[in-house]
Amino acid sequence: MKCNFDEIVPRRGTNSYKWDTAKEENVLPMWVADMDFRAAPVIVEALRRRVEHGIFGYARVPNTYYEAVINWFDRRHTWQIEKEWIIYTTGVVPALSAIIKALTSPQDKVLVQTPVYNCFFSSIRNNGCEVVTNPLIYRDGTYQIDFDDLEKKAVDPSVKLLLLCNPHNPVGRVWTKQELNRIGEICLRNDVWVIADEIHCELVYPGYTYIPFASISPEFLMRSVTCVSPSKAFNLAGLQIANIVCADADLRIKIDKAININEVCDVNPFGIEALIAAYNEGKEWLEELKHYLWENYNYLKAYFSENLPQFPVTMLEGTYLVWVDCSVLKRSSIEIVHTLLYKEKLQVNNGSLYGKDGEGFIRINIACPRQVLIDGLNRLKRVLISQLG
């Protein structure tokens, strides 16, 4: 297979959240985390067959669905999942909200490692809980975990959960086994559950390895819940399909109840078919995608080195979301992104969206054809250079 990721597929006018949200014309969106590539041909073909059937009633999830999930994680990540551990739902964010509801009471505290995916904050607060931050340490163009701070925060008996993002959005880290072990040991000592958002787990680059937190030890397995989905790796977010993996039978009952209370217990027939096709037949396409994304990142790094050396680019180990340090401008992230949109019609994410530790940064989505990336970088350069003053 040789996929043409350079093909520009027009998305404006398709009710795309990414492309049709901006009211201004000619806005280039490099913000929300979906890709501007067609899905793998095996997925498109599976969906075509389902459409041709012509009836789209309520769907049941077949055994082949569970087999696809189990075999994928066994083959690629040597993680043996049991069928009964899997709870399907419509997305990772509804999954996180349901898990928090199942494991906490109002006024309980939940740890997050900031800057971090913005929906973590809303899922915690919507369940009446308090956010407690374990800020990551930014040093030498990458991020590390402050384990001393994590221990101090976890010892509080009101802290019930840690939301772990691996690979981490937005800072691009893929946590090592040693780091995951230290997280797990701290949480075990302090009776804190680890809730792992591993939605970006397939998007890991050369030299790095994604390790499912729950696969490290039986103790970690039984004191954690993992959320996964093919949506990021295979560009299926609109099909609304995700899985919760929970080995603790009693907790599964509570999560399943929360899923039903929130009415996110039913999935659509297209999500089912797409997941099965992706996990059973999508490996080759995924590997080509990862190669293309890695080349995009290297192009961006070289571009910044030559044209924007004052703006450090964080090392990208996983995801397709690049984290750029714009602190040299001494302006807020919101001001920077507003200027980019106003002057060059370039839409990126402001760093403060991911917590106060993201202030001064922007997040750029590079999952697009190279020509589109170059256009975005040129727009970015014109604004950032003009702001250096």
# chains A, B, ... in the order shown; residues from 1 in each chain; ligands from 1
call {"tool": "residues_around", "arguments": {"residues": "Leu293 (chain A)", "least_positions_apart": "6", "cutoff": "9 Å", "atoms": "only C-alpha atoms", "output": "count of residues only"}}
result
6
call {"tool": "closest_atom_pairs", "arguments": {"of": "region 18-41 of chain A", "to": "region 151-173 of chain A", "cutoff": "12 Å", "atoms": "only C-alpha atoms", "output": "JSON lines"}}
result
{"residue": "A:Trp31", "atom": "CA", "partner": "A:Pro170", "partner_atom": "CA", "distance": 11.4}
{"residue": "A:Val32", "atom": "CA", "partner": "A:Pro170", "partner_atom": "CA", "distance": 11.5}
{"residue": "A:Ala33", "atom": "CA", "partner": "A:Asn169", "partner_atom": "CA", "distance": 10.0}
call {"tool": "closest_atom_pairs", "arguments": {"of": "region 210-239 of chain A", "to": "region 281-287 of chain A", "cutoff": "12 Å", "atoms": "only C-alpha atoms", "output": "JSON lines"}}
result
{"residue": "A:Pro230", "atom": "CA", "partner": "A:Gly282", "partner_atom": "CA", "distance": 10.3}
{"residue": "A:Lys232", "atom": "CA", "partner": "A:Leu286", "partner_atom": "CA", "distance": 10.9}
{"residue": "A:Ala233", "atom": "CA", "partner": "A:Leu286", "partner_atom": "CA", "distance": 7.1}
{"residue": "A:Phe234", "atom": "CA", "partner": "A:Leu286", "partner_atom": "CA", "distance": 7.2}
{"residue": "A:Asn235", "atom": "CA", "partner": "A:Leu286", "partner_atom": "CA", "distance": 10.4}
call {"tool": "select_by_dssp", "arguments": {"residues": "region 230-371 of chain A", "states": "strand (DSSP E)", "output": "PyMOL selection string"}}
result
chain A and resi 242-245+321-325+346-347+349-350+361-365
call {"tool": "select_by_dssp", "arguments": {"residues": "region 289-381 of chain A", "states": "alpha helix (DSSP H)", "output": "ChimeraX atom specification"}}
result
/A:289-307,333-344,370-381
call {"tool": "write_last_selection", "arguments": {"atoms": "N, CA and C atoms", "output": "compact mmCIF listing (two decimals), in the first residue's frame"}}
result
# COMPACT_ATOMS: atom_id res chain seq x y z
N LEU A 289 0.98 6.41 7.69
CA LEU A 289 0.56 7.68 8.29
C LEU A 289 1.60 8.18 9.28
N LYS A 290 2.06 7.32 10.16
CA LYS A 290 3.04 7.72 11.17
C LYS A 290 4.32 8.24 10.52
N HIS A 291 4.74 7.59 9.45
CA HIS A 291 5.93 8.04 8.74
C HIS A 291 5.72 9.45 8.17
N TYR A 292 4.54 9.68 7.61
CA TYR A 292 4.25 11.00 7.02
C TYR A 292 4.19 12.07 8.12
N LEU A 293 3.54 11.76 9.23
CA LEU A 293 3.45 12.72 10.33
C LEU A 293 4.83 13.05 10.89
N TRP A 294 5.69 12.03 10.99
CA TRP A 294 7.04 12.25 11.50
C TRP A 294 7.82 13.16 10.55
N GLU A 295 7.64 12.98 9.25
CA GLU A 295 8.29 13.87 8.28
C GLU A 295 7.74 15.29 8.40
N ASN A 296 6.43 15.41 8.64
CA ASN A 296 5.85 16.74 8.85
C ASN A 296 6.50 17.42 10.06
N TYR A 297 6.65 16.66 11.13
CA TYR A 297 7.26 17.24 12.33
C TYR A 297 8.71 17.67 12.05
N ASN A 298 9.46 16.83 11.37
CA ASN A 298 10.85 17.18 11.06
C ASN A 298 10.93 18.40 10.14
N TYR A 299 9.97 18.51 9.22
CA TYR A 299 9.93 19.70 8.37
C TYR A 299 9.68 20.93 9.23
N LEU A 300 8.71 20.84 10.13
CA LEU A 300 8.40 21.97 11.01
C LEU A 300 9.60 22.34 11.87
N LYS A 301 10.28 21.35 12.42
CA LYS A 301 11.46 21.63 13.26
C LYS A 301 12.53 22.38 12.47
N ALA A 302 12.79 21.92 11.26
CA ALA A 302 13.80 22.58 10.42
C ALA A 302 13.37 23.99 10.05
N TYR A 303 12.08 24.16 9.80
CA TYR A 303 11.55 25.49 9.45
C TYR A 303 11.75 26.46 10.61
N PHE A 304 11.41 26.02 11.82
CA PHE A 304 11.59 26.88 12.99
C PHE A 304 13.06 27.18 13.22
N SER A 305 13.90 26.18 13.06
CA SER A 305 15.33 26.39 13.27
C SER A 305 15.88 27.46 12.33
N GLU A 306 15.40 27.45 11.10
CA GLU A 306 15.90 28.40 10.11
C GLU A 306 15.23 29.76 10.21
N ASN A 307 13.91 29.78 10.46
CA ASN A 307 13.15 31.01 10.36
C ASN A 307 12.68 31.60 11.69
N SER A 333 -1.09 33.80 25.61
CA SER A 333 -1.40 32.86 24.54
C SER A 333 -2.65 33.28 23.77
N ILE A 334 -3.63 33.78 24.49
CA ILE A 334 -4.87 34.22 23.83
C ILE A 334 -4.58 35.37 22.88
N GLU A 335 -3.77 36.31 23.29
CA GLU A 335 -3.42 37.43 22.42
C GLU A 335 -2.70 36.93 21.17
N ILE A 336 -1.81 35.97 21.34
CA ILE A 336 -1.04 35.45 20.21
C ILE A 336 -1.95 34.78 19.19
N VAL A 337 -2.85 33.92 19.67
CA VAL A 337 -3.71 33.21 18.71
C VAL A 337 -4.72 34.16 18.07
N HIS A 338 -5.17 35.17 18.80
CA HIS A 338 -6.07 36.15 18.20
C HIS A 338 -5.36 36.94 17.10
N THR A 339 -4.10 37.27 17.33
CA THR A 339 -3.33 38.00 16.31
C THR A 339 -3.10 37.13 15.08
N LEU A 340 -2.81 35.85 15.29
CA LEU A 340 -2.63 34.94 14.17
C LEU A 340 -3.90 34.84 13.33
N LEU A 341 -5.03 34.77 14.01
CA LEU A 341 -6.30 34.66 13.28
C LEU A 341 -6.63 35.97 12.57
N TYR A 342 -6.41 37.08 13.24
CA TYR A 342 -6.77 38.39 12.66
C TYR A 342 -5.87 38.76 11.49
N LYS A 343 -4.57 38.55 11.66
CA LYS A 343 -3.62 39.03 10.64
C LYS A 343 -3.39 38.04 9.51
N GLU A 344 -3.41 36.75 9.82
CA GLU A 344 -3.06 35.77 8.79
C GLU A 344 -4.11 34.67 8.60
N ARG A 370 1.50 18.17 3.34
CA ARG A 370 2.69 18.99 3.50
C ARG A 370 2.48 20.41 2.96
N GLN A 371 1.78 20.52 1.84
CA GLN A 371 1.54 21.84 1.25
C GLN A 371 0.74 22.72 2.20
N VAL A 372 -0.22 22.13 2.90
CA VAL A 372 -1.02 22.88 3.87
C VAL A 372 -0.16 23.28 5.06
N LEU A 373 0.69 22.36 5.51
CA LEU A 373 1.61 22.67 6.61
C LEU A 373 2.51 23.85 6.26
N ILE A 374 3.05 23.84 5.06
CA ILE A 374 3.95 24.93 4.63
C ILE A 374 3.20 26.26 4.61
N ASP A 375 1.98 26.25 4.11
CA ASP A 375 1.15 27.46 4.11
C ASP A 375 0.98 27.96 5.54
N GLY A 376 0.65 27.06 6.46
CA GLY A 376 0.46 27.45 7.85
C GLY A 376 1.72 28.01 8.49
N LEU A 377 2.84 27.38 8.20
CA LEU A 377 4.11 27.85 8.77
C LEU A 377 4.48 29.23 8.23
N ASN A 378 4.22 29.47 6.96
CA ASN A 378 4.52 30.78 6.41
C ASN A 378 3.65 31.87 7.04
N ARG A 379 2.38 31.54 7.26
CA ARG A 379 1.49 32.50 7.94
C ARG A 379 1.98 32.76 9.36
N LEU A 380 2.35 31.68 10.03
CA LEU A 380 2.84 31.78 11.41
C LEU A 380 4.07 32.67 11.47
N LYS A 381 5.00 32.44 10.56
CA LYS A 381 6.25 33.20 10.55
C LYS A 381 6.00 34.70 10.41
call {"tool": "closest_residue", "arguments": {"among": "A:Gln107, A:Asn190, A:Asn243, A:Ser97", "to": "Tyr65 (chain A)", "atoms": "only C-alpha atoms"}}
result
A:Asn243
call {"tool": "closest_residue", "arguments": {"among": "A:Ile43, A:Ile244, A:Ile199, A:Val194", "to": "Glu84 (chain A)", "atoms": "only C-alpha atoms"}}
result
A:Ile244
call {"tool": "residues_around", "arguments": {"residues": "region 110-115 of chain A", "least_positions_apart": "5", "cutoff": "6 Å", "atoms": "only C-alpha atoms", "output": "number ranges by chain"}}
result
A: 131-136, 159, 161-163, 354-355, 357-358
call {"tool": "residues_around", "arguments": {"residues": "Ser16 (chain A)", "least_positions_apart": "6", "cutoff": "12 Å", "atoms": "only C-alpha atoms", "output": "number ranges by chain"}}
result
A: 10, 22, 29, 32, 34-36, 237-238
call {"tool": "write_last_selection", "arguments": {"atoms": "C-alpha atoms", "output": "PDB file, in the first residue's frame"}}
result
ATOM      1  CA  PRO A  10     -11.543  19.895   0.542  1.00  0.00           C
ATOM      2  CA  ALA A  22     -14.603  29.988  11.629  1.00  0.00           C
ATOM      3  CA  PRO A  29      -7.483  25.627  10.797  1.00  0.00           C
ATOM      4  CA  VAL A  32      -8.787  20.812  16.859  1.00  0.00           C
ATOM      5  CA  ASP A  34      -8.603  15.638  13.748  1.00  0.00           C
ATOM      6  CA  MET A  35      -6.648  14.938  10.575  1.00  0.00           C
ATOM      7  CA  ASP A  36      -7.077  16.244   7.042  1.00  0.00           C
ATOM      8  CA  ALA A 237     -13.652  10.996  15.764  1.00  0.00           C
ATOM      9  CA  GLY A 238     -16.997  11.768  14.138  1.00  0.00           C
TER      10      GLY A 238
END
call {"tool": "closest_residue", "arguments": {"among": "A:Val228, A:Trp19, A:Tyr88, A:Pro269", "to": "His53 (chain A)", "atoms": "only C-alpha atoms"}}
result
A:Pro269
call {"tool": "residues_around", "arguments": {"residues": "Ala46 (chain A)", "least_positions_apart": "4", "cutoff": "10 Å", "atoms": "only C-alpha atoms", "output": "number ranges by chain"}}
result
A: 41-42, 50-51, 270, 273-278
call {"tool": "write_last_selection", "arguments": {"atoms": "all heavy atoms", "output": "JSON list (two decimals), in the first residue's frame"}}
result
[["chain", "number", "residue", "atom", "x", "y", "z"],
["A", 41, "PRO", "N", -8.39, 3.06, 3.30],
["A", 41, "PRO", "CA", -9.33, 2.47, 2.33],
["A", 41, "PRO", "C", -10.12, 1.30, 2.89],
["A", 41, "PRO", "O", -11.30, 1.13, 2.55],
["A", 41, "PRO", "CB", -8.41, 2.04, 1.18],
["A", 41, "PRO", "CG", -7.27, 3.00, 1.24],
["A", 41, "PRO", "CD", -7.05, 3.25, 2.71],
["A", 42, "VAL", "N", -9.51, 0.49, 3.76],
["A", 42, "VAL", "CA", -10.25, -0.66, 4.32],
["A", 42, "VAL", "C", -11.41, -0.18, 5.18],
["A", 42, "VAL", "O", -12.45, -0.85, 5.25],
["A", 42, "VAL", "CB", -9.32, -1.58, 5.12],
["A", 42, "VAL", "CG1", -8.30, -2.25, 4.21],
["A", 42, "VAL", "CG2", -8.63, -0.83, 6.26],
["A", 50, "ARG", "N", -21.66, -1.08, 4.60],
["A", 50, "ARG", "CA", -22.73, -0.87, 5.59],
["A", 50, "ARG", "C", -23.77, 0.11, 5.06],
["A", 50, "ARG", "O", -24.98, -0.09, 5.25],
["A", 50, "ARG", "CB", -22.11, -0.33, 6.89],
["A", 50, "ARG", "CG", -23.10, -0.29, 8.06],
["A", 50, "ARG", "CD", -23.52, -1.70, 8.46],
["A", 50, "ARG", "NE", -24.55, -1.68, 9.50],
["A", 50, "ARG", "CZ", -25.84, -1.47, 9.27],
["A", 50, "ARG", "NH1", -26.28, -1.24, 8.04],
["A", 50, "ARG", "NH2", -26.71, -1.49, 10.27],
["A", 51, "VAL", "N", -23.32, 1.15, 4.37],
["A", 51, "VAL", "CA", -24.26, 2.13, 3.79],
["A", 51, "VAL", "C", -25.14, 1.46, 2.75],
["A", 51, "VAL", "O", -26.36, 1.72, 2.67],
["A", 51, "VAL", "CB", -23.49, 3.32, 3.19],
["A", 51, "VAL", "CG1", -24.40, 4.18, 2.31],
["A", 51, "VAL", "CG2", -22.88, 4.18, 4.29],
["A", 270, "PHE", "N", -21.86, 2.54, 12.32],
["A", 270, "PHE", "CA", -20.67, 2.92, 11.56],
["A", 270, "PHE", "C", -19.42, 2.89, 12.44],
["A", 270, "PHE", "O", -18.34, 2.50, 11.99],
["A", 270, "PHE", "CB", -20.87, 4.29, 10.93],
["A", 270, "PHE", "CG", -22.04, 4.34, 10.00],
["A", 270, "PHE", "CD1", -23.19, 5.02, 10.35],
["A", 270, "PHE", "CD2", -22.01, 3.67, 8.80],
["A", 270, "PHE", "CE1", -24.29, 5.05, 9.51],
["A", 270, "PHE", "CE2", -23.10, 3.68, 7.94],
["A", 270, "PHE", "CZ", -24.25, 4.38, 8.30],
["A", 273, "GLU", "N", -18.35, -0.84, 12.74],
["A", 273, "GLU", "CA", -17.71, -1.36, 11.53],
["A", 273, "GLU", "C", -16.33, -0.74, 11.31],
["A", 273, "GLU", "O", -15.38, -1.41, 10.90],
["A", 273, "GLU", "CB", -18.60, -1.10, 10.31],
["A", 273, "GLU", "CG", -19.93, -1.81, 10.34],
["A", 273, "GLU", "CD", -19.81, -3.33, 10.37],
["A", 273, "GLU", "OE1", -18.81, -3.86, 9.85],
["A", 273, "GLU", "OE2", -20.71, -3.98, 10.93],
["A", 274, "ALA", "N", -16.22, 0.56, 11.59],
["A", 274, "ALA", "CA", -14.94, 1.24, 11.39],
["A", 274, "ALA", "C", -13.88, 0.71, 12.34],
["A", 274, "ALA", "O", -12.73, 0.50, 11.94],
["A", 274, "ALA", "CB", -15.11, 2.75, 11.58],
["A", 275, "LEU", "N", -14.24, 0.50, 13.60],
["A", 275, "LEU", "CA", -13.26, -0.05, 14.56],
["A", 275, "LEU", "C", -12.79, -1.43, 14.14],
["A", 275, "LEU", "O", -11.58, -1.72, 14.16],
["A", 275, "LEU", "CB", -13.86, -0.09, 15.96],
["A", 275, "LEU", "CG", -12.93, -0.66, 17.04],
["A", 275, "LEU", "CD1", -13.11, 0.06, 18.37],
["A", 275, "LEU", "CD2", -13.14, -2.17, 17.24],
["A", 276, "ILE", "N", -13.70, -2.28, 13.75],
["A", 276, "ILE", "CA", -13.32, -3.64, 13.35],
["A", 276, "ILE", "C", -12.37, -3.60, 12.15],
["A", 276, "ILE", "O", -11.34, -4.28, 12.13],
["A", 276, "ILE", "CB", -14.58, -4.48, 13.03],
["A", 276, "ILE", "CG1", -15.41, -4.70, 14.31],
["A", 276, "ILE", "CG2", -14.19, -5.82, 12.40],
["A", 276, "ILE", "CD1", -16.78, -5.32, 14.05],
["A", 277, "ALA", "N", -12.70, -2.78, 11.15],
["A", 277, "ALA", "CA", -11.85, -2.69, 9.97],
["A", 277, "ALA", "C", -10.48, -2.10, 10.33],
["A", 277, "ALA", "O", -9.44, -2.58, 9.85],
["A", 277, "ALA", "CB", -12.53, -1.84, 8.90],
["A", 278, "ALA", "N", -10.46, -1.05, 11.16],
["A", 278, "ALA", "CA", -9.20, -0.41, 11.53],
["A", 278, "ALA", "C", -8.28, -1.39, 12.25],
["A", 278, "ALA", "O", -7.10, -1.53, 11.90],
["A", 278, "ALA", "CB", -9.48, 0.81, 12.42]]
call {"tool": "closest_residue", "arguments": {"among": "A:Leu308, A:Leu47, A:Val192, A:Ile81", "to": "Leu239 (chain A)", "atoms": "only C-alpha atoms"}}
result
A:Leu47
call {"tool": "residues_around", "arguments": {"residues": "Ala258 (chain A)", "least_positions_apart": "3", "cutoff": "6 Å", "atoms": "only C-alpha atoms", "output": "short mmCIF file (atom, residue, chain, number, x, y, z; two decimals) with C-alpha atoms, in the first residue's frame"}}
result
data_model
loop_
_atom_site.label_atom_id
_atom_site.label_comp_id
_atom_site.auth_asym_id
_atom_site.auth_seq_id
_atom_site.Cartn_x
_atom_site.Cartn_y
_atom_site.Cartn_z
CA ALA A 98 -18.49 8.31 33.69
CA ILE A 255 -18.92 2.61 35.48
CA ILE A 261 -27.12 7.47 33.61
#
call {"tool": "closest_atom_pairs", "arguments": {"of": "region 119-145 of chain A", "to": "region 310-315 of chain A", "cutoff": "10 Å", "atoms": "only C-alpha atoms", "output": "CSV"}}
result
residue,atom,partner,partner_atom,distance
A:Tyr138,CA,A:Thr314,CA,9.3
A:Arg139,CA,A:Thr314,CA,9.6
A:Asp140,CA,A:Thr314,CA,8.6
A:Gly141,CA,A:Thr314,CA,4.8
A:Thr142,CA,A:Thr314,CA,5.4
A:Tyr143,CA,A:Thr314,CA,8.3
call {"tool": "residues_around", "arguments": {"residues": "Phe220 (chain A)", "least_positions_apart": "5", "cutoff": "10 Å", "atoms": "only C-alpha atoms", "output": "list in words"}}
result
Leu180, Asn181, Ile183, Gly184, Glu185, Cys187, Leu188, Trp193, Val194, Phe213, Ala214, Ser215 and Val225 of chain A
call {"tool": "write_last_selection", "arguments": {"atoms": "N, CA, C and O atoms", "output": "short mmCIF file (atom, residue, chain, number, x, y, z; two decimals), in the first residue's frame"}}
result
data_model
loop_
_atom_site.label_atom_id
_atom_site.label_comp_id
_atom_site.auth_asym_id
_atom_site.auth_seq_id
_atom_site.Cartn_x
_atom_site.Cartn_y
_atom_site.Cartn_z
N LEU A 180 6.16 5.54 34.37
CA LEU A 180 4.86 4.97 34.70
C LEU A 180 4.91 4.17 35.99
O LEU A 180 3.96 4.19 36.80
N ASN A 181 6.02 3.46 36.20
CA ASN A 181 6.18 2.71 37.45
C ASN A 181 6.15 3.64 38.66
O ASN A 181 5.50 3.34 39.67
N ILE A 183 4.80 6.63 38.87
CA ILE A 183 3.43 7.12 39.03
C ILE A 183 2.59 6.08 39.75
O ILE A 183 1.87 6.38 40.72
N GLY A 184 2.66 4.84 39.26
CA GLY A 184 1.85 3.77 39.82
C GLY A 184 2.16 3.49 41.28
O GLY A 184 1.25 3.27 42.10
N GLU A 185 3.44 3.50 41.63
CA GLU A 185 3.83 3.23 43.01
C GLU A 185 3.32 4.32 43.95
O GLU A 185 2.84 4.02 45.06
N CYS A 187 0.70 6.22 43.46
CA CYS A 187 -0.75 6.12 43.55
C CYS A 187 -1.18 4.91 44.40
O CYS A 187 -2.15 5.01 45.17
N LEU A 188 -0.47 3.80 44.28
CA LEU A 188 -0.79 2.64 45.11
C LEU A 188 -0.60 2.95 46.59
O LEU A 188 -1.44 2.60 47.44
N TRP A 193 -6.60 6.00 42.46
CA TRP A 193 -6.82 5.28 41.21
C TRP A 193 -6.17 6.04 40.05
O TRP A 193 -6.19 7.29 40.02
N VAL A 194 -5.63 5.31 39.09
CA VAL A 194 -5.09 5.92 37.87
C VAL A 194 -6.10 5.70 36.74
O VAL A 194 -6.46 4.56 36.44
N PHE A 213 -0.44 1.61 30.71
CA PHE A 213 -0.19 1.64 32.15
C PHE A 213 -0.65 0.35 32.81
O PHE A 213 0.06 -0.22 33.64
N ALA A 214 -1.81 -0.13 32.42
CA ALA A 214 -2.39 -1.30 33.08
C ALA A 214 -1.63 -2.59 32.78
O ALA A 214 -1.83 -3.60 33.46
N SER A 215 -0.76 -2.56 31.75
CA SER A 215 -0.04 -3.78 31.36
C SER A 215 1.21 -4.01 32.20
O SER A 215 1.83 -5.07 32.11
N VAL A 225 -8.06 2.30 35.32
CA VAL A 225 -9.03 2.17 34.24
C VAL A 225 -8.42 2.86 33.02
O VAL A 225 -7.86 3.95 33.14
#
call {"tool": "closest_residue", "arguments": {"among": "A:Lys18, A:Arg252, A:Arg49, A:Lys109", "to": "Cys129 (chain A)", "atoms": "only C-alpha atoms"}}
result
A:Lys109
